[in-house]
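Inspection log for the structure reproduced underneath, given as structure tokens.
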Amino acid sequence: MRKKILIVDDSKTILTLERMLLASLYDVVEARNGEEALEKAMTEKPDLILLDIVMPKLDGFETCVRLRDSPRTKLTPIIIVTTRGEAKNIEAGYRAGCTDYITKPLNGAELLAKIRDCVGE
């Protein structure tokens, strides 16, 4: 059975790129902001979440904290995928509960390797 990945990013370009990279291997669900991500995480039950930090309504750090606070998603792997590569942001991501952290621009091979590590494929 194919694993399901929830991609969360406010950029249509990034969503499209990530979907193109992943759709042949995984079922892909998309969300455009943190609030939508929380809703889709509950209804879609993804095996992994790719989460941007800079988004409207609810940023990625707070979204990550809320996902970790929910019994349904507290163990779901979360990879933060962001342009924010500064040490303070990486530390904040791990404090918020992310499983891994990747900076943009994306390296497709690196992203796929991290996803495989998280979902056991």
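Quick note on naming: the chains in the structure tokens go A, B, ... in the order shown, residues restart at 1 in each chain, and ligands are numbered from 1 in order of appearance.
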Quick one: residues within 7 Å of region 85-91 of chain A, only C-alpha atoms, excluding same-chain residues fewer than 3 positions away - as a ChimeraX atom specification? /A:94-95,101,103
Write a file of the just-selected residues containing N, CA and C atoms, as an mmCIF file, in the first residue's frame.
data_model
loop_
_atom_site.group_PDB
_atom_site.id
_atom_site.type_symbol
_atom_site.label_atom_id
_atom_site.label_comp_id
_atom_site.auth_asym_id
_atom_site.auth_seq_id
_atom_site.Cartn_x
_atom_site.Cartn_y
_atom_site.Cartn_z
ATOM 1 N N TYR A 94 13.322 21.835 15.685
ATOM 2 C CA TYR A 94 13.444 20.616 16.498
ATOM 3 C C TYR A 94 12.746 20.777 17.845
ATOM 4 N N ARG A 95 12.799 21.967 18.426
ATOM 5 C CA ARG A 95 12.067 22.216 19.684
ATOM 6 C C ARG A 95 10.563 22.068 19.465
ATOM 7 N N TYR A 101 14.847 18.334 9.133
ATOM 8 C CA TYR A 101 14.811 19.731 8.676
ATOM 9 C C TYR A 101 15.618 19.829 7.393
ATOM 10 N N THR A 103 16.546 22.511 3.978
ATOM 11 C CA THR A 103 16.428 23.872 3.462
ATOM 12 C C THR A 103 16.220 23.862 1.949
#
As a PyMOL selection string, please: the residues near region 7-24 of chain A (cut-off 9 Å, only C-alpha atoms, same-chain neighbours under 3 positions excluded). chain A and resi 27-34+36-37+48-56+60+81+106+108+112
Those same residues, written as a PDB file, in the first residue's frame with C-alpha atoms?
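Result written to selection.pdb:
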ATOM      1  CA  ASP A  27      -0.153   9.523  -2.496  1.00  0.00           C
ATOM      2  CA  VAL A  28       0.097  13.298  -2.080  1.00  0.00           C
ATOM      3  CA  VAL A  29      -2.284  15.612  -0.225  1.00  0.00           C
ATOM      4  CA  GLU A  30      -1.733  19.383  -0.135  1.00  0.00           C
ATOM      5  CA  ALA A  31      -2.437  22.212   2.294  1.00  0.00           C
ATOM      6  CA  ARG A  32      -1.723  25.929   1.777  1.00  0.00           C
ATOM      7  CA  ASN A  33      -1.374  27.064   5.414  1.00  0.00           C
ATOM      8  CA  GLY A  34      -1.034  25.772   8.961  1.00  0.00           C
ATOM      9  CA  GLU A  36      -5.527  23.733   6.622  1.00  0.00           C
ATOM     10  CA  ALA A  37      -2.617  21.423   7.478  1.00  0.00           C
ATOM     11  CA  LEU A  48       4.503  11.863   6.773  1.00  0.00           C
ATOM     12  CA  ILE A  49       4.148  15.658   6.695  1.00  0.00           C
ATOM     13  CA  LEU A  50       6.393  18.078   4.751  1.00  0.00           C
ATOM     14  CA  LEU A  51       5.952  21.440   6.451  1.00  0.00           C
ATOM     15  CA  ASP A  52       7.033  24.949   5.448  1.00  0.00           C
ATOM     16  CA  ILE A  53       7.706  27.530   8.183  1.00  0.00           C
ATOM     17  CA  VAL A  54       6.684  30.848   6.640  1.00  0.00           C
ATOM     18  CA  MET A  55       2.936  30.645   5.956  1.00  0.00           C
ATOM     19  CA  PRO A  56      -0.157  32.757   6.547  1.00  0.00           C
ATOM     20  CA  GLY A  60       5.119  26.021  10.556  1.00  0.00           C
ATOM     21  CA  VAL A  81      11.160  22.162   4.347  1.00  0.00           C
ATOM     22  CA  LEU A 106      15.265  21.430  -2.575  1.00  0.00           C
ATOM     23  CA  GLY A 108      15.286  15.980  -4.709  1.00  0.00           C
ATOM     24  CA  LEU A 112      13.490  11.394  -1.079  1.00  0.00           C
TER      25      LEU A 112
END
List every residue of chain A that DSSP, applied to the backbone of this structure, places in helix (DSSP H, G or I), and write the result as a CSV table (one decimal) with N, CA and C atoms, in the first residue's frame.
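File out_5.csv, as written:
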chain,number,residue,atom,x,y,z
A,12,LYS,N,2.5,28.0,-4.5
A,12,LYS,CA,2.0,27.0,-5.5
A,12,LYS,C,3.1,26.4,-6.2
A,13,THR,N,4.2,27.1,-6.5
A,13,THR,CA,5.4,26.6,-7.2
A,13,THR,C,6.0,25.5,-6.4
A,14,ILE,N,6.2,25.7,-5.1
A,14,ILE,CA,6.8,24.6,-4.3
A,14,ILE,C,5.9,23.4,-4.2
A,15,LEU,N,4.6,23.6,-4.0
A,15,LEU,CA,3.6,22.5,-4.0
A,15,LEU,C,3.7,21.7,-5.3
A,16,THR,N,3.8,22.4,-6.4
A,16,THR,CA,3.9,21.7,-7.7
A,16,THR,C,5.1,20.9,-7.8
A,17,LEU,N,6.3,21.5,-7.4
A,17,LEU,CA,7.6,20.8,-7.5
A,17,LEU,C,7.6,19.6,-6.6
A,18,GLU,N,7.1,19.7,-5.4
A,18,GLU,CA,7.1,18.6,-4.5
A,18,GLU,C,6.2,17.5,-5.0
A,19,ARG,N,5.0,17.9,-5.5
A,19,ARG,CA,4.0,16.9,-6.0
A,19,ARG,C,4.6,16.1,-7.1
A,20,MET,N,5.3,16.9,-8.1
A,20,MET,CA,5.9,16.2,-9.2
A,20,MET,C,7.0,15.2,-8.8
A,21,LEU,N,7.8,15.6,-7.8
A,21,LEU,CA,8.8,14.7,-7.3
A,21,LEU,C,8.3,13.5,-6.6
A,22,LEU,N,7.1,13.6,-5.9
A,22,LEU,CA,6.7,12.5,-5.0
A,22,LEU,C,5.5,11.7,-5.6
A,34,GLY,N,-1.1,26.6,7.8
A,34,GLY,CA,-1.0,25.8,9.0
A,34,GLY,C,-2.4,25.3,9.4
A,35,GLU,N,-3.4,26.2,9.3
A,35,GLU,CA,-4.7,25.8,9.7
A,35,GLU,C,-5.3,24.6,8.9
A,36,GLU,N,-5.1,24.8,7.6
A,36,GLU,CA,-5.5,23.7,6.6
A,36,GLU,C,-4.7,22.4,6.9
A,37,ALA,N,-3.5,22.6,7.2
A,37,ALA,CA,-2.6,21.4,7.5
A,37,ALA,C,-3.2,20.6,8.7
A,38,LEU,N,-3.6,21.3,9.7
A,38,LEU,CA,-4.1,20.6,10.9
A,38,LEU,C,-5.4,19.9,10.5
A,39,GLU,N,-6.2,20.5,9.8
A,39,GLU,CA,-7.5,19.8,9.3
A,39,GLU,C,-7.2,18.6,8.5
A,40,LYS,N,-6.3,18.8,7.5
A,40,LYS,CA,-6.0,17.6,6.6
A,40,LYS,C,-5.3,16.5,7.3
A,41,ALA,N,-4.4,16.9,8.3
A,41,ALA,CA,-3.7,15.9,9.0
A,41,ALA,C,-4.7,15.0,9.8
A,42,MET,N,-5.8,15.6,10.3
A,42,MET,CA,-6.8,14.8,11.0
A,42,MET,C,-7.6,13.9,10.1
A,43,THR,N,-8.0,14.5,8.9
A,43,THR,CA,-8.9,13.8,8.1
A,43,THR,C,-8.2,12.8,7.1
A,44,GLU,N,-7.0,13.1,6.7
A,44,GLU,CA,-6.3,12.3,5.7
A,44,GLU,C,-5.4,11.3,6.3
A,60,GLY,N,4.7,27.4,10.5
A,60,GLY,CA,5.1,26.0,10.6
A,60,GLY,C,5.5,25.6,11.9
A,61,PHE,N,6.2,26.5,12.7
A,61,PHE,CA,6.6,26.1,14.1
A,61,PHE,C,5.3,25.8,14.9
A,62,GLU,N,4.4,26.7,14.9
A,62,GLU,CA,3.2,26.5,15.7
A,62,GLU,C,2.4,25.3,15.2
A,63,THR,N,2.3,25.1,13.9
A,63,THR,CA,1.6,24.0,13.3
A,63,THR,C,2.3,22.7,13.8
A,64,CYS,N,3.6,22.7,13.8
A,64,CYS,CA,4.3,21.5,14.3
A,64,CYS,C,4.0,21.2,15.7
A,65,VAL,N,4.0,22.2,16.6
A,65,VAL,CA,3.7,22.0,18.0
A,65,VAL,C,2.3,21.5,18.2
A,66,ARG,N,1.3,22.0,17.4
A,66,ARG,CA,-0.1,21.5,17.5
A,66,ARG,C,-0.2,20.1,17.0
A,67,LEU,N,0.5,19.8,15.9
A,67,LEU,CA,0.5,18.4,15.5
A,67,LEU,C,1.0,17.4,16.5
A,68,ARG,N,2.1,17.8,17.2
A,68,ARG,CA,2.7,17.0,18.2
A,68,ARG,C,1.8,16.9,19.5
A,69,ASP,N,0.9,17.9,19.7
A,69,ASP,CA,0.0,17.9,20.8
A,69,ASP,C,-1.2,17.0,20.6
A,87,ALA,N,20.7,28.7,12.1
A,87,ALA,CA,20.7,27.8,13.3
A,87,ALA,C,19.6,28.0,14.2
A,88,LYS,N,19.2,29.3,14.5
A,88,LYS,CA,18.1,29.5,15.4
A,88,LYS,C,16.8,28.9,14.9
A,89,ASN,N,16.6,28.9,13.6
A,89,ASN,CA,15.3,28.4,13.0
A,89,ASN,C,15.4,26.8,13.1
A,90,ILE,N,16.6,26.3,12.8
A,90,ILE,CA,16.7,24.8,12.9
A,90,ILE,C,16.4,24.3,14.3
A,91,GLU,N,17.0,25.1,15.3
A,91,GLU,CA,16.8,24.7,16.7
A,91,GLU,C,15.3,24.8,17.0
A,92,ALA,N,14.7,25.9,16.6
A,92,ALA,CA,13.2,26.1,16.8
A,92,ALA,C,12.4,25.0,16.2
A,93,GLY,N,12.8,24.5,15.0
A,93,GLY,CA,12.1,23.4,14.4
A,93,GLY,C,12.1,22.2,15.2
A,94,TYR,N,13.3,21.8,15.7
A,94,TYR,CA,13.4,20.6,16.5
A,94,TYR,C,12.7,20.8,17.8
A,95,ARG,N,12.8,22.0,18.4
A,95,ARG,CA,12.1,22.2,19.7
A,95,ARG,C,10.6,22.1,19.5
A,96,ALA,N,10.1,22.5,18.3
A,96,ALA,CA,8.7,22.4,18.0
A,96,ALA,C,8.2,20.9,17.8
A,108,GLY,N,16.2,17.1,-4.6
A,108,GLY,CA,15.3,16.0,-4.7
A,108,GLY,C,15.8,14.7,-4.1
A,109,ALA,N,17.0,14.3,-4.4
A,109,ALA,CA,17.6,13.1,-3.9
A,109,ALA,C,17.6,13.1,-2.3
A,110,GLU,N,18.0,14.2,-1.8
A,110,GLU,CA,18.1,14.4,-0.3
A,110,GLU,C,16.7,14.2,0.3
A,111,LEU,N,15.7,14.9,-0.3
A,111,LEU,CA,14.4,14.9,0.2
A,111,LEU,C,13.8,13.5,0.2
A,112,LEU,N,14.0,12.8,-1.0
A,112,LEU,CA,13.5,11.4,-1.1
A,112,LEU,C,14.2,10.5,-0.1
A,113,ALA,N,15.5,10.6,0.1
A,113,ALA,CA,16.2,9.8,1.1
A,113,ALA,C,15.6,10.0,2.5
A,114,LYS,N,15.4,11.3,2.9
A,114,LYS,CA,14.9,11.6,4.2
A,114,LYS,C,13.4,11.0,4.4
A,115,ILE,N,12.6,11.1,3.3
A,115,ILE,CA,11.3,10.6,3.4
A,115,ILE,C,11.4,9.1,3.6
A,116,ARG,N,12.2,8.4,2.8
A,116,ARG,CA,12.4,6.9,2.9
A,116,ARG,C,12.8,6.6,4.4
A,117,ASP,N,13.7,7.3,4.9
A,117,ASP,CA,14.1,7.1,6.3
A,117,ASP,C,13.0,7.2,7.3
A,118,CYS,N,12.1,8.1,7.1
A,118,CYS,CA,11.0,8.4,8.0
A,118,CYS,C,9.8,7.4,7.8
A,119,VAL,N,9.5,6.9,6.6
A,119,VAL,CA,8.4,6.1,6.4
A,119,VAL,C,8.7,4.6,6.2
I'd like the interatomic distance between CA of Tyr26 (chain A) and CA of Leu6 (chain A), to a tenth of an Å. 10.0 Å
As an MDAnalysis selection string, list the residues of chain A assigned to strand (DSSP E) by DSSP on the backbone atoms of this structure. chainID A and resid 4:8 27:31 48:51 78:82 100:103
